[in-house]
Amino acid sequence: MTREYDIIIIGGGNAGFGASAPLAEAGKRIAFIEELDFGGTCPNRGCTPKKVLVAAAASLDTIAKASAHGISVGDVKLDWKALIERKNDMISFIPGAMGDLAAKRGDVYRGHARFTGRNSVRVGDTELTAEHIIIATGSKTRPLPIPGAELLMTSDDVLSDTHQPESVVFIGGGVIALEFSHVYARAGTQVTILELAPQLLPRLDADAVAMLQAETERLGVEVHTGVGVNEVRRADDGLEVVFEKDGETIVLAAERVINGAGRMANVDTLDLDKAGITHDGIRIEIHPHLQSTSNPAIWVAGDALVHTAQLSPFATHEGQIVARNILTGSTEAPDYFAVPNSVYTVPSFASVGLTETQAQESIGNLRVAVNDMTGWLSGKSYAESLAWSKILIDEDSDQIVGAHLLGHHADDIIHILSFAMKHRVSVSEIKSTIFAYPSFSSDIKNLL
């Protein structure tokens, strides 16, 4: 059976829905293909459920600081099973609601999609053809090429595990490892992070990461960087991780071992060659306007791309651009300038723009403004254990070119700095703005 459409969208996450709205409004006949849950990773297995756990960790952190405010509390214990059940209750409606929305915009097909030609896809026993096909398949856990990798849990597993382990080891020191480590550690689990690179979060500002690592270790998390993991194996009472550091072989026992190596584009099982799509197995070659370089019928958006950060706002933005390019024949490219990013540890780490190393290479007259706010009245009022900032300023243009914040409501304040960068609000103009006081935002003028 063959069915014809104007547009086929492979993947029912943020990128797919970002594209589908304008296409449906334009009257295009759409086929939606989704293999797992509509809504994709972010609301079902990523940012949304993760924030439920992060909120619990933040509550534990607030309780831990109660004595600084003259408040006495008794023994505090997190009911991990109840927390996971709360998370399940909060997100259980999402796949159905998003599936209903997809059905309003087009025909829905459940199953795994594979290309059969330059304009055709097969799902189950049905072949679909279309003038345009959007690959919006998102990402999946990056596999680790080590013996015993099949014994590792993924972030999906962590979010569904109703048992709180006594000890966990994360292999990889990226965002997933840091965020879950802060939850586990505050709940009483012994946590170890093993990272191959010389620093955690290798792509982010080194000084800011060092501050976050120190705070993470203050919670009791053991961090090892510059290590090589040789093997994960079963032991009588759980698992063992064998790794090397500074020429020494170390065996570390843990109840759970978690893959913290991040995620990769989920495109390797689509039979891309049959559609004439140029790729290297993971990276699909595209023009800046997100169209395949070898097959103009093919478009890519969201985490299926590999040249941009795996952030849900990016996915929606890219999906919308693909739709506009299809509808108008334009070659609009995504604007990634001044897009903020947050690591939802407790306290949070937020950044936008250049790191100091990048700025030193490109900005001739650079001013680096570093502040420790833990001693400021705002930080002391809330007994902040970590409140730190680094703002990078181009003195010639009076513009912010990068910002890196820890604590001090960083994940909210970063948006003000991002807005200033995108709309070229100068440092002088920010300093002349009146903010409500006392507030964390009012401190921005003193950070510059």
# chains A, B, ... in the order shown; residues from 1 in each chain; ligands from 1
call {"tool": "closest_atom_pairs", "arguments": {"of": "range 24-47 of chain A", "to": "range 115-125 of chain A", "cutoff": "10 Å", "atoms": "only C-alpha atoms", "output": "tab-separated table"}}
result
residue	atom	partner	partner_atom	distance
A:Ile33	CA	A:Val123	CA	7.8
A:Glu34	CA	A:Val123	CA	9.6
A:Glu35	CA	A:Val123	CA	9.4
call {"tool": "write_last_selection", "arguments": {"atoms": "all heavy atoms", "output": "PDB file, in the first residue's frame"}}
result
ATOM      1  N   ILE A  33       5.263  10.234  11.570  1.00  0.00           N
ATOM      2  CA  ILE A  33       5.722   8.893  11.944  1.00  0.00           C
ATOM      3  C   ILE A  33       6.430   8.987  13.291  1.00  0.00           C
ATOM      4  O   ILE A  33       7.366   9.765  13.454  1.00  0.00           O
ATOM      5  CB  ILE A  33       6.684   8.311  10.894  1.00  0.00           C
ATOM      6  CG1 ILE A  33       6.030   8.286   9.517  1.00  0.00           C
ATOM      7  CG2 ILE A  33       7.131   6.912  11.305  1.00  0.00           C
ATOM      8  CD1 ILE A  33       6.976   7.870   8.391  1.00  0.00           C
ATOM      9  N   GLU A  34       5.981   8.194  14.253  1.00  0.00           N
ATOM     10  CA  GLU A  34       6.610   8.183  15.578  1.00  0.00           C
ATOM     11  C   GLU A  34       6.750   6.739  16.053  1.00  0.00           C
ATOM     12  O   GLU A  34       5.778   5.977  16.058  1.00  0.00           O
ATOM     13  CB  GLU A  34       5.791   8.993  16.590  1.00  0.00           C
ATOM     14  CG  GLU A  34       6.287   8.917  18.009  1.00  0.00           C
ATOM     15  CD  GLU A  34       7.756   9.282  18.166  1.00  0.00           C
ATOM     16  OE1 GLU A  34       8.162  10.365  17.675  1.00  0.00           O
ATOM     17  OE2 GLU A  34       8.508   8.486  18.764  1.00  0.00           O
ATOM     18  N   GLU A  35       7.964   6.399  16.456  1.00  0.00           N
ATOM     19  CA  GLU A  35       8.236   5.028  16.889  1.00  0.00           C
ATOM     20  C   GLU A  35       7.947   4.814  18.364  1.00  0.00           C
ATOM     21  O   GLU A  35       7.511   3.735  18.759  1.00  0.00           O
ATOM     22  CB  GLU A  35       9.705   4.692  16.593  1.00  0.00           C
ATOM     23  CG  GLU A  35      10.088   3.264  16.896  1.00  0.00           C
ATOM     24  CD  GLU A  35      11.500   2.941  16.443  1.00  0.00           C
ATOM     25  OE1 GLU A  35      12.206   3.868  16.006  1.00  0.00           O
ATOM     26  OE2 GLU A  35      11.886   1.762  16.528  1.00  0.00           O
TER      27      GLU A  35
END
call {"tool": "residues_around", "arguments": {"residues": "Leu196 in chain A", "least_positions_apart": "2", "cutoff": "7 Å", "atoms": "only C-alpha atoms", "output": "JSON, numbers by chain"}}
result
{"A": [172, 194, 198, 225, 226, 227, 228]}
call {"tool": "write_last_selection", "arguments": {"atoms": "N, CA, C and O atoms", "output": "PDB file, in the first residue's frame"}}
result
ATOM      1  N   GLY A 172      31.345   9.197  32.221  1.00  0.00           N
ATOM      2  CA  GLY A 172      31.107  10.406  31.446  1.00  0.00           C
ATOM      3  C   GLY A 172      30.687  11.521  32.376  1.00  0.00           C
ATOM      4  O   GLY A 172      29.820  11.334  33.245  1.00  0.00           O
ATOM      5  N   LEU A 194      33.310   9.494  36.462  1.00  0.00           N
ATOM      6  CA  LEU A 194      34.539   9.204  35.736  1.00  0.00           C
ATOM      7  C   LEU A 194      34.475   9.882  34.372  1.00  0.00           C
ATOM      8  O   LEU A 194      33.572   9.596  33.577  1.00  0.00           O
ATOM      9  N   PRO A 198      40.087  16.139  30.452  1.00  0.00           N
ATOM     10  CA  PRO A 198      40.721  16.750  31.625  1.00  0.00           C
ATOM     11  C   PRO A 198      39.758  17.498  32.531  1.00  0.00           C
ATOM     12  O   PRO A 198      40.083  17.764  33.684  1.00  0.00           O
ATOM     13  N   THR A 225      38.799  12.949  36.697  1.00  0.00           N
ATOM     14  CA  THR A 225      38.932  13.357  35.300  1.00  0.00           C
ATOM     15  C   THR A 225      40.218  12.774  34.723  1.00  0.00           C
ATOM     16  O   THR A 225      41.115  12.359  35.458  1.00  0.00           O
ATOM     17  N   GLY A 226      40.299  12.768  33.395  1.00  0.00           N
ATOM     18  CA  GLY A 226      41.481  12.232  32.736  1.00  0.00           C
ATOM     19  C   GLY A 226      41.659  10.744  32.948  1.00  0.00           C
ATOM     20  O   GLY A 226      42.777  10.260  33.099  1.00  0.00           O
ATOM     21  N   VAL A 227      40.544  10.003  32.975  1.00  0.00           N
ATOM     22  CA  VAL A 227      40.619   8.570  33.230  1.00  0.00           C
ATOM     23  C   VAL A 227      40.239   7.792  31.970  1.00  0.00           C
ATOM     24  O   VAL A 227      39.606   8.320  31.055  1.00  0.00           O
ATOM     25  N   GLY A 228      40.630   6.518  31.959  1.00  0.00           N
ATOM     26  CA  GLY A 228      40.202   5.605  30.911  1.00  0.00           C
ATOM     27  C   GLY A 228      39.494   4.424  31.545  1.00  0.00           C
ATOM     28  O   GLY A 228      40.047   3.777  32.435  1.00  0.00           O
TER      29      GLY A 228
END
call {"tool": "closest_residue", "arguments": {"among": "A:Leu406, A:Ala359, A:Ile286, A:Val242", "to": "Val300 in chain A", "atoms": "only C-alpha atoms"}}
result
A:Ile286
call {"tool": "residues_around", "arguments": {"residues": "range 202-210 of chain A", "least_positions_apart": "5", "cutoff": "9 Å", "atoms": "only C-alpha atoms", "output": "list in words"}}
result
Gly173, Gly174, Ala197, Glu215, Phe349, Ser351, Leu354, Thr355, Glu356, Thr357, Trp388, Ser389, Lys390, His404, Leu405 and Leu406 of chain A
call {"tool": "atom_distance", "arguments": {"atom1": "CA of Ala383 in chain A", "atom2": "CA of Asp61 in chain A"}}
result
10.5 Å
call {"tool": "closest_atom_pairs", "arguments": {"of": "range 312-380 of chain A", "to": "range 128-140 of chain A", "cutoff": "12 Å", "atoms": "only C-alpha atoms", "output": "CSV"}}
result
residue,atom,partner,partner_atom,distance
A:Ser312,CA,A:Gly138,CA,9.8
A:Phe314,CA,A:Gly138,CA,11.6
A:Ala315,CA,A:Ala136,CA,8.5
A:Thr316,CA,A:Ala136,CA,10.3
A:Glu318,CA,A:Ala136,CA,9.8
A:Gly319,CA,A:Ala136,CA,8.1
A:Gln320,CA,A:Ile134,CA,11.4
A:Ile321,CA,A:Ile134,CA,11.6
A:Val322,CA,A:Ile134,CA,8.1
A:Ala323,CA,A:Ile134,CA,9.2
A:Asn325,CA,A:His132,CA,11.0
A:Ile326,CA,A:His132,CA,7.8
A:Leu327,CA,A:His132,CA,10.5
A:Gly329,CA,A:His132,CA,11.9
call {"tool": "write_last_selection", "arguments": {"atoms": "all heavy atoms", "output": "JSON list (two decimals), in the first residue's frame"}}
result
[["chain", "number", "residue", "atom", "x", "y", "z"],
["A", 312, "SER", "N", 16.05, 21.63, 23.47],
["A", 312, "SER", "CA", 14.71, 21.59, 22.91],
["A", 312, "SER", "C", 14.30, 22.91, 22.24],
["A", 312, "SER", "O", 13.62, 22.87, 21.20],
["A", 312, "SER", "CB", 13.69, 21.18, 23.97],
["A", 312, "SER", "OG", 13.71, 22.03, 25.08],
["A", 314, "PHE", "N", 16.18, 24.84, 20.52],
["A", 314, "PHE", "CA", 16.80, 24.77, 19.20],
["A", 314, "PHE", "C", 15.93, 23.95, 18.25],
["A", 314, "PHE", "O", 15.72, 24.31, 17.09],
["A", 314, "PHE", "CB", 18.18, 24.09, 19.30],
["A", 314, "PHE", "CG", 19.31, 25.00, 19.66],
["A", 314, "PHE", "CD1", 19.10, 26.25, 20.20],
["A", 314, "PHE", "CD2", 20.62, 24.59, 19.45],
["A", 314, "PHE", "CE1", 20.15, 27.07, 20.54],
["A", 314, "PHE", "CE2", 21.69, 25.41, 19.78],
["A", 314, "PHE", "CZ", 21.45, 26.66, 20.33],
["A", 315, "ALA", "N", 15.44, 22.81, 18.74],
["A", 315, "ALA", "CA", 14.67, 21.90, 17.90],
["A", 315, "ALA", "C", 13.42, 22.58, 17.37],
["A", 315, "ALA", "O", 13.10, 22.49, 16.18],
["A", 315, "ALA", "CB", 14.31, 20.65, 18.69],
["A", 316, "THR", "N", 12.69, 23.25, 18.25],
["A", 316, "THR", "CA", 11.49, 23.96, 17.81],
["A", 316, "THR", "C", 11.83, 25.04, 16.80],
["A", 316, "THR", "O", 11.17, 25.19, 15.76],
["A", 316, "THR", "CB", 10.78, 24.57, 19.02],
["A", 316, "THR", "OG1", 10.44, 23.54, 19.95],
["A", 316, "THR", "CG2", 9.51, 25.29, 18.59],
["A", 318, "GLU", "N", 14.43, 25.24, 14.80],
["A", 318, "GLU", "CA", 14.85, 24.66, 13.53],
["A", 318, "GLU", "C", 13.66, 24.09, 12.76],
["A", 318, "GLU", "O", 13.58, 24.23, 11.53],
["A", 318, "GLU", "CB", 15.90, 23.58, 13.79],
["A", 318, "GLU", "CG", 17.21, 24.15, 14.29],
["A", 318, "GLU", "CD", 18.07, 23.14, 15.01],
["A", 318, "GLU", "OE1", 17.61, 21.99, 15.25],
["A", 318, "GLU", "OE2", 19.21, 23.49, 15.38],
["A", 319, "GLY", "N", 12.73, 23.44, 13.48],
["A", 319, "GLY", "CA", 11.55, 22.91, 12.81],
["A", 319, "GLY", "C", 10.73, 24.00, 12.15],
["A", 319, "GLY", "O", 10.24, 23.85, 11.02],
["A", 320, "GLN", "N", 10.58, 25.12, 12.83],
["A", 320, "GLN", "CA", 9.83, 26.25, 12.27],
["A", 320, "GLN", "C", 10.52, 26.80, 11.02],
["A", 320, "GLN", "O", 9.86, 27.17, 10.04],
["A", 320, "GLN", "CB", 9.68, 27.33, 13.32],
["A", 320, "GLN", "CG", 8.78, 26.92, 14.49],
["A", 320, "GLN", "CD", 8.85, 27.88, 15.66],
["A", 320, "GLN", "OE1", 9.79, 28.66, 15.77],
["A", 320, "GLN", "NE2", 7.87, 27.82, 16.55],
["A", 321, "ILE", "N", 11.85, 26.86, 11.06],
["A", 321, "ILE", "CA", 12.60, 27.37, 9.91],
["A", 321, "ILE", "C", 12.46, 26.44, 8.71],
["A", 321, "ILE", "O", 12.26, 26.87, 7.57],
["A", 321, "ILE", "CB", 14.06, 27.59, 10.28],
["A", 321, "ILE", "CG1", 14.19, 28.83, 11.16],
["A", 321, "ILE", "CG2", 14.95, 27.70, 9.04],
["A", 321, "ILE", "CD1", 15.55, 29.05, 11.72],
["A", 322, "VAL", "N", 12.53, 25.12, 8.96],
["A", 322, "VAL", "CA", 12.34, 24.17, 7.88],
["A", 322, "VAL", "C", 10.98, 24.37, 7.23],
["A", 322, "VAL", "O", 10.85, 24.39, 6.00],
["A", 322, "VAL", "CB", 12.49, 22.72, 8.40],
["A", 322, "VAL", "CG1", 11.94, 21.72, 7.38],
["A", 322, "VAL", "CG2", 13.95, 22.40, 8.69],
["A", 323, "ALA", "N", 9.94, 24.54, 8.05],
["A", 323, "ALA", "CA", 8.59, 24.75, 7.50],
["A", 323, "ALA", "C", 8.53, 26.00, 6.64],
["A", 323, "ALA", "O", 7.95, 25.98, 5.54],
["A", 323, "ALA", "CB", 7.59, 24.82, 8.65],
["A", 325, "ASN", "N", 10.98, 27.48, 5.08],
["A", 325, "ASN", "CA", 11.75, 27.28, 3.85],
["A", 325, "ASN", "C", 10.99, 26.43, 2.84],
["A", 325, "ASN", "O", 11.03, 26.68, 1.63],
["A", 325, "ASN", "CB", 13.10, 26.65, 4.18],
["A", 325, "ASN", "CG", 14.06, 27.62, 4.84],
["A", 325, "ASN", "OD1", 13.89, 28.84, 4.75],
["A", 325, "ASN", "ND2", 15.07, 27.11, 5.51],
["A", 326, "ILE", "N", 10.28, 25.42, 3.34],
["A", 326, "ILE", "CA", 9.47, 24.59, 2.45],
["A", 326, "ILE", "C", 8.34, 25.41, 1.83],
["A", 326, "ILE", "O", 8.07, 25.33, 0.62],
["A", 326, "ILE", "CB", 8.91, 23.37, 3.21],
["A", 326, "ILE", "CG1", 10.03, 22.37, 3.52],
["A", 326, "ILE", "CG2", 7.80, 22.69, 2.41],
["A", 326, "ILE", "CD1", 9.60, 21.21, 4.40],
["A", 327, "LEU", "N", 7.70, 26.19, 2.65],
["A", 327, "LEU", "CA", 6.51, 26.93, 2.18],
["A", 327, "LEU", "C", 6.85, 28.08, 1.24],
["A", 327, "LEU", "O", 6.09, 28.40, 0.33],
["A", 327, "LEU", "CB", 5.73, 27.46, 3.38],
["A", 327, "LEU", "CG", 5.05, 26.41, 4.26],
["A", 327, "LEU", "CD1", 4.48, 27.05, 5.52],
["A", 327, "LEU", "CD2", 3.94, 25.70, 3.48],
["A", 329, "GLY", "N", 10.14, 28.59, -0.21],
["A", 329, "GLY", "CA", 11.30, 28.39, -1.08],
["A", 329, "GLY", "C", 12.51, 29.21, -0.67],
["A", 329, "GLY", "O", 13.48, 29.34, -1.41]]
call {"tool": "select_by_dssp", "arguments": {"residues": "range 122-207 of chain A", "states": "strand (DSSP E or B)", "output": "compact mmCIF listing (two decimals) with all heavy atoms, in the first residue's frame"}}
result
# COMPACT_ATOMS: atom_id res chain seq x y z
N ARG A 122 9.13 3.75 4.23
CA ARG A 122 8.26 2.64 4.62
C ARG A 122 8.16 2.58 6.13
O ARG A 122 9.16 2.68 6.84
CB ARG A 122 8.79 1.31 4.07
CG ARG A 122 7.95 0.09 4.49
CD ARG A 122 8.38 -1.15 3.74
NE ARG A 122 8.05 -1.07 2.33
CZ ARG A 122 6.86 -1.33 1.81
NH1 ARG A 122 5.87 -1.73 2.60
NH2 ARG A 122 6.65 -1.23 0.52
N VAL A 123 6.94 2.42 6.63
CA VAL A 123 6.70 2.18 8.05
C VAL A 123 5.74 1.01 8.14
O VAL A 123 4.62 1.09 7.63
CB VAL A 123 6.17 3.45 8.76
CG1 VAL A 123 4.94 4.00 8.10
CG2 VAL A 123 5.92 3.17 10.23
N THR A 126 3.33 -0.15 5.12
CA THR A 126 2.84 0.98 4.33
C THR A 126 3.99 1.81 3.79
O THR A 126 4.93 2.15 4.51
CB THR A 126 1.94 1.89 5.19
OG1 THR A 126 0.88 1.11 5.75
CG2 THR A 126 1.37 3.02 4.36
N GLU A 127 3.92 2.11 2.51
CA GLU A 127 4.90 3.00 1.89
C GLU A 127 4.29 4.38 1.74
O GLU A 127 3.16 4.53 1.26
CB GLU A 127 5.36 2.47 0.54
CG GLU A 127 6.39 3.35 -0.14
CD GLU A 127 7.51 2.54 -0.79
OE1 GLU A 127 7.74 1.41 -0.37
OE2 GLU A 127 8.14 3.06 -1.71
N LEU A 128 5.06 5.41 2.17
CA LEU A 128 4.61 6.78 2.09
C LEU A 128 5.52 7.55 1.14
O LEU A 128 6.74 7.36 1.17
CB LEU A 128 4.63 7.45 3.47
CG LEU A 128 4.00 6.69 4.63
CD1 LEU A 128 4.19 7.47 5.92
CD2 LEU A 128 2.53 6.43 4.36
N THR A 129 4.95 8.41 0.33
CA THR A 129 5.74 9.26 -0.54
C THR A 129 5.35 10.71 -0.29
O THR A 129 4.23 11.01 0.10
CB THR A 129 5.52 8.93 -2.03
OG1 THR A 129 4.16 9.20 -2.38
CG2 THR A 129 5.85 7.46 -2.31
N ALA A 130 6.33 11.61 -0.52
CA ALA A 130 6.05 13.04 -0.31
C ALA A 130 7.07 13.86 -1.07
O ALA A 130 8.18 13.41 -1.36
CB ALA A 130 6.10 13.39 1.18
N GLU A 131 6.68 15.10 -1.34
CA GLU A 131 7.60 16.04 -2.00
C GLU A 131 8.74 16.43 -1.06
O GLU A 131 9.87 16.62 -1.49
CB GLU A 131 6.84 17.29 -2.44
CG GLU A 131 7.70 18.30 -3.19
CD GLU A 131 6.91 19.52 -3.61
OE1 GLU A 131 5.68 19.56 -3.38
OE2 GLU A 131 7.52 20.45 -4.18
N HIS A 132 8.41 16.52 0.24
CA HIS A 132 9.41 16.87 1.25
C HIS A 132 9.33 15.90 2.42
O HIS A 132 8.23 15.53 2.85
CB HIS A 132 9.17 18.30 1.77
CG HIS A 132 9.28 19.36 0.73
ND1 HIS A 132 10.48 19.85 0.29
CD2 HIS A 132 8.30 20.01 0.03
CE1 HIS A 132 10.26 20.78 -0.63
NE2 HIS A 132 8.95 20.89 -0.82
N ILE A 133 10.51 15.52 2.94
CA ILE A 133 10.58 14.63 4.11
C ILE A 133 11.47 15.30 5.15
O ILE A 133 12.60 15.69 4.84
CB ILE A 133 11.12 13.24 3.74
CG1 ILE A 133 10.23 12.59 2.68
CG2 ILE A 133 11.22 12.36 5.00
CD1 ILE A 133 10.76 11.26 2.17
N ILE A 134 10.95 15.43 6.36
CA ILE A 134 11.70 16.07 7.45
C ILE A 134 12.19 15.01 8.41
O ILE A 134 11.38 14.26 8.98
CB ILE A 134 10.82 17.10 8.19
CG1 ILE A 134 10.30 18.15 7.21
CG2 ILE A 134 11.61 17.75 9.33
CD1 ILE A 134 9.26 19.08 7.84
N ILE A 135 13.49 14.93 8.59
CA ILE A 135 14.08 14.02 9.58
C ILE A 135 14.16 14.76 10.90
O ILE A 135 14.95 15.69 11.07
CB ILE A 135 15.47 13.54 9.14
CG1 ILE A 135 15.38 12.78 7.81
CG2 ILE A 135 16.11 12.67 10.22
CD1 ILE A 135 16.74 12.38 7.24
N SER A 139 17.47 12.26 19.38
CA SER A 139 18.75 11.66 19.76
C SER A 139 18.53 10.40 20.58
O SER A 139 17.40 10.12 21.01
CB SER A 139 19.58 12.66 20.58
OG SER A 139 18.91 12.99 21.79
N LYS A 140 19.59 9.67 20.80
CA LYS A 140 19.56 8.49 21.65
C LYS A 140 20.86 8.42 22.44
O LYS A 140 21.83 9.12 22.12
CB LYS A 140 19.36 7.22 20.82
CG LYS A 140 20.44 6.97 19.79
CD LYS A 140 20.09 5.74 18.96
CE LYS A 140 21.14 5.49 17.86
NZ LYS A 140 20.79 4.30 17.04
N THR A 141 20.89 7.60 23.46
CA THR A 141 22.07 7.48 24.31
C THR A 141 23.28 7.06 23.49
O THR A 141 23.20 6.13 22.68
CB THR A 141 21.83 6.46 25.43
OG1 THR A 141 20.73 6.90 26.23
CG2 THR A 141 23.06 6.31 26.31
N MET A 153 23.13 1.48 32.96
CA MET A 153 21.84 2.13 32.87
C MET A 153 21.97 3.38 32.00
O MET A 153 23.07 3.92 31.85
CB MET A 153 21.33 2.53 34.26
CG MET A 153 21.01 1.39 35.18
SD MET A 153 20.53 1.97 36.84
CE MET A 153 19.01 2.86 36.48
N SER A 167 24.81 3.31 45.86
CA SER A 167 25.99 3.87 45.20
C SER A 167 25.81 3.81 43.69
O SER A 167 25.23 2.87 43.16
CB SER A 167 27.26 3.13 45.61
OG SER A 167 27.15 1.75 45.29
N VAL A 168 26.29 4.85 43.00
CA VAL A 168 26.25 4.88 41.54
C VAL A 168 27.57 5.42 41.01
O VAL A 168 28.24 6.22 41.67
CB VAL A 168 25.10 5.75 40.98
CG1 VAL A 168 23.75 5.23 41.43
CG2 VAL A 168 25.27 7.19 41.38
N VAL A 169 27.94 4.96 39.82
CA VAL A 169 29.08 5.50 39.08
C VAL A 169 28.57 5.98 37.73
O VAL A 169 27.87 5.24 37.03
CB VAL A 169 30.18 4.45 38.88
CG1 VAL A 169 31.28 4.99 37.97
CG2 VAL A 169 30.77 4.01 40.22
N PHE A 170 28.91 7.22 37.39
CA PHE A 170 28.62 7.75 36.06
C PHE A 170 29.88 7.65 35.22
O PHE A 170 30.94 8.15 35.62
CB PHE A 170 28.18 9.22 36.13
CG PHE A 170 26.81 9.43 36.66
CD1 PHE A 170 26.59 9.63 38.01
CD2 PHE A 170 25.71 9.41 35.80
CE1 PHE A 170 25.31 9.82 38.50
CE2 PHE A 170 24.43 9.60 36.28
CZ PHE A 170 24.22 9.80 37.63
N ILE A 171 29.76 7.03 34.05
CA ILE A 171 30.87 7.01 33.10
C ILE A 171 30.59 8.12 32.09
O ILE A 171 29.70 8.03 31.25
CB ILE A 171 31.00 5.65 32.40
CG1 ILE A 171 31.25 4.56 33.44
CG2 ILE A 171 32.14 5.68 31.38
CD1 ILE A 171 31.38 3.17 32.84
N GLN A 190 25.82 7.49 47.36
CA GLN A 190 27.23 7.77 47.11
C GLN A 190 27.47 7.79 45.60
O GLN A 190 27.15 6.82 44.90
CB GLN A 190 28.13 6.70 47.75
CG GLN A 190 29.62 6.88 47.48
CD GLN A 190 30.15 8.23 47.93
OE1 GLN A 190 29.91 8.65 49.06
NE2 GLN A 190 30.86 8.92 47.04
N VAL A 191 28.04 8.89 45.10
CA VAL A 191 28.17 9.10 43.66
C VAL A 191 29.63 9.28 43.27
O VAL A 191 30.38 9.99 43.95
CB VAL A 191 27.37 10.35 43.21
CG1 VAL A 191 27.47 10.52 41.69
CG2 VAL A 191 25.92 10.26 43.64
N THR A 192 30.01 8.65 42.16
CA THR A 192 31.33 8.85 41.56
C THR A 192 31.15 9.17 40.09
O THR A 192 30.33 8.55 39.40
CB THR A 192 32.21 7.59 41.70
OG1 THR A 192 32.31 7.24 43.08
CG2 THR A 192 33.61 7.83 41.13
N ILE A 193 31.91 10.14 39.59
CA ILE A 193 31.90 10.50 38.17
C ILE A 193 33.28 10.21 37.58
O ILE A 193 34.30 10.64 38.13
CB ILE A 193 31.55 11.98 37.96
CG1 ILE A 193 30.16 12.30 38.51
CG2 ILE A 193 31.62 12.35 36.48
CD1 ILE A 193 29.81 13.79 38.46
N LEU A 194 33.31 9.49 36.46
CA LEU A 194 34.54 9.20 35.74
C LEU A 194 34.47 9.88 34.37
O LEU A 194 33.57 9.60 33.58
CB LEU A 194 34.72 7.69 35.55
CG LEU A 194 34.66 6.83 36.81
CD1 LEU A 194 34.79 5.36 36.44
CD2 LEU A 194 35.77 7.23 37.80
N GLU A 195 35.41 10.79 34.10
CA GLU A 195 35.41 11.55 32.85
C GLU A 195 36.74 11.38 32.13
O GLU A 195 37.80 11.54 32.73
CB GLU A 195 35.14 13.03 33.13
CG GLU A 195 35.39 13.97 31.97
CD GLU A 195 34.56 13.63 30.73
OE1 GLU A 195 33.36 13.32 30.86
OE2 GLU A 195 35.14 13.65 29.62
call {"tool": "atom_distance", "arguments": {"atom1": "CA of Leu212 in chain A", "atom2": "CA of Leu417 in chain A"}}
result
20.3 Å
call {"tool": "select_by_dssp", "arguments": {"residues": "range 18-190 of chain A", "states": "alpha helix (DSSP H)", "output": "MDAnalysis selection string"}}
result
chainID A and resid 18:25 41:45 47:64 80:91 94:105 155:160 175:187
call {"tool": "closest_atom_pairs", "arguments": {"of": "range 109-188 of chain A", "to": "range 75-95 of chain A", "cutoff": "10 Å", "atoms": "only C-alpha atoms", "output": "CSV"}}
result
residue,atom,partner,partner_atom,distance
A:Val158,CA,A:Ile84,CA,9.4
A:Leu159,CA,A:Ile84,CA,6.9
A:Ser160,CA,A:Ile84,CA,6.7
A:Asp161,CA,A:Ile84,CA,7.3
A:Thr162,CA,A:Lys81,CA,4.5
A:His163,CA,A:Lys81,CA,6.2
A:Gln164,CA,A:Trp80,CA,5.8
A:Pro165,CA,A:Trp80,CA,9.6
A:Tyr184,CA,A:Trp80,CA,9.7
A:Arg186,CA,A:Leu78,CA,8.8
A:Ala187,CA,A:Leu78,CA,5.9
A:Gly188,CA,A:Lys77,CA,8.4
call {"tool": "write_last_selection", "arguments": {"atoms": "C-alpha atoms", "output": "mmCIF file, in the first residue's frame"}}
result
data_model
loop_
_atom_site.group_PDB
_atom_site.id
_atom_site.type_symbol
_atom_site.label_atom_id
_atom_site.label_comp_id
_atom_site.auth_asym_id
_atom_site.auth_seq_id
_atom_site.Cartn_x
_atom_site.Cartn_y
_atom_site.Cartn_z
ATOM 1 C CA VAL A 158 17.267 6.514 36.002
ATOM 2 C CA LEU A 159 13.992 8.324 35.437
ATOM 3 C CA SER A 160 11.979 5.108 35.681
ATOM 4 C CA ASP A 161 13.899 3.370 38.494
ATOM 5 C CA THR A 162 11.801 3.384 41.676
ATOM 6 C CA HIS A 163 14.707 2.083 43.763
ATOM 7 C CA GLN A 164 17.256 4.532 45.170
ATOM 8 C CA PRO A 165 20.674 2.863 44.906
ATOM 9 C CA TYR A 184 21.420 11.409 44.009
ATOM 10 C CA ARG A 186 21.386 15.073 48.176
ATOM 11 C CA ALA A 187 19.184 11.995 48.529
ATOM 12 C CA GLY A 188 22.030 10.126 50.216
#
call {"tool": "residues_around", "arguments": {"residues": "Tyr382 in chain A", "least_positions_apart": "2", "cutoff": "12 Å", "atoms": "only C-alpha atoms", "output": "list in words"}}
result
Asp61, Thr62, Ile63, Ala64, Lys65, Ala66, Ser67, Ala68, His69, Pro347, Met373, Thr374, Gly375, Trp376, Leu377, Ser378, Gly379, Lys380, Glu384, Ser385, Leu386, Ala387, Gly407, His408, His409, Ser439 and Phe440 of chain A
call {"tool": "residues_around", "arguments": {"residues": "Thr154 in chain A", "least_positions_apart": "5", "cutoff": "8 Å", "atoms": "only C-alpha atoms", "output": "number ranges by chain"}}
result
A: 141, 258-260
call {"tool": "atom_distance", "arguments": {"atom1": "CA of Gln360 in chain A", "atom2": "CA of Ser426 in chain A"}}
result
19.7 Å
call {"tool": "closest_residue", "arguments": {"among": "A:Val343, A:Ala21, A:Ala149, A:Ile277", "to": "Leu178 in chain A", "atoms": "only C-alpha atoms"}}
result
A:Val343
call {"tool": "closest_atom_pairs", "arguments": {"of": "range 221-303 of chain A", "to": "range 13-19 of chain A", "cutoff": "10 Å", "atoms": "only C-alpha atoms", "output": "CSV"}}
result
residue,atom,partner,partner_atom,distance
A:Val300,CA,A:Ala15,CA,8.9
A:Ala301,CA,A:Ala15,CA,5.8
A:Gly302,CA,A:Ala15,CA,5.1
A:Asp303,CA,A:Ala15,CA,8.2
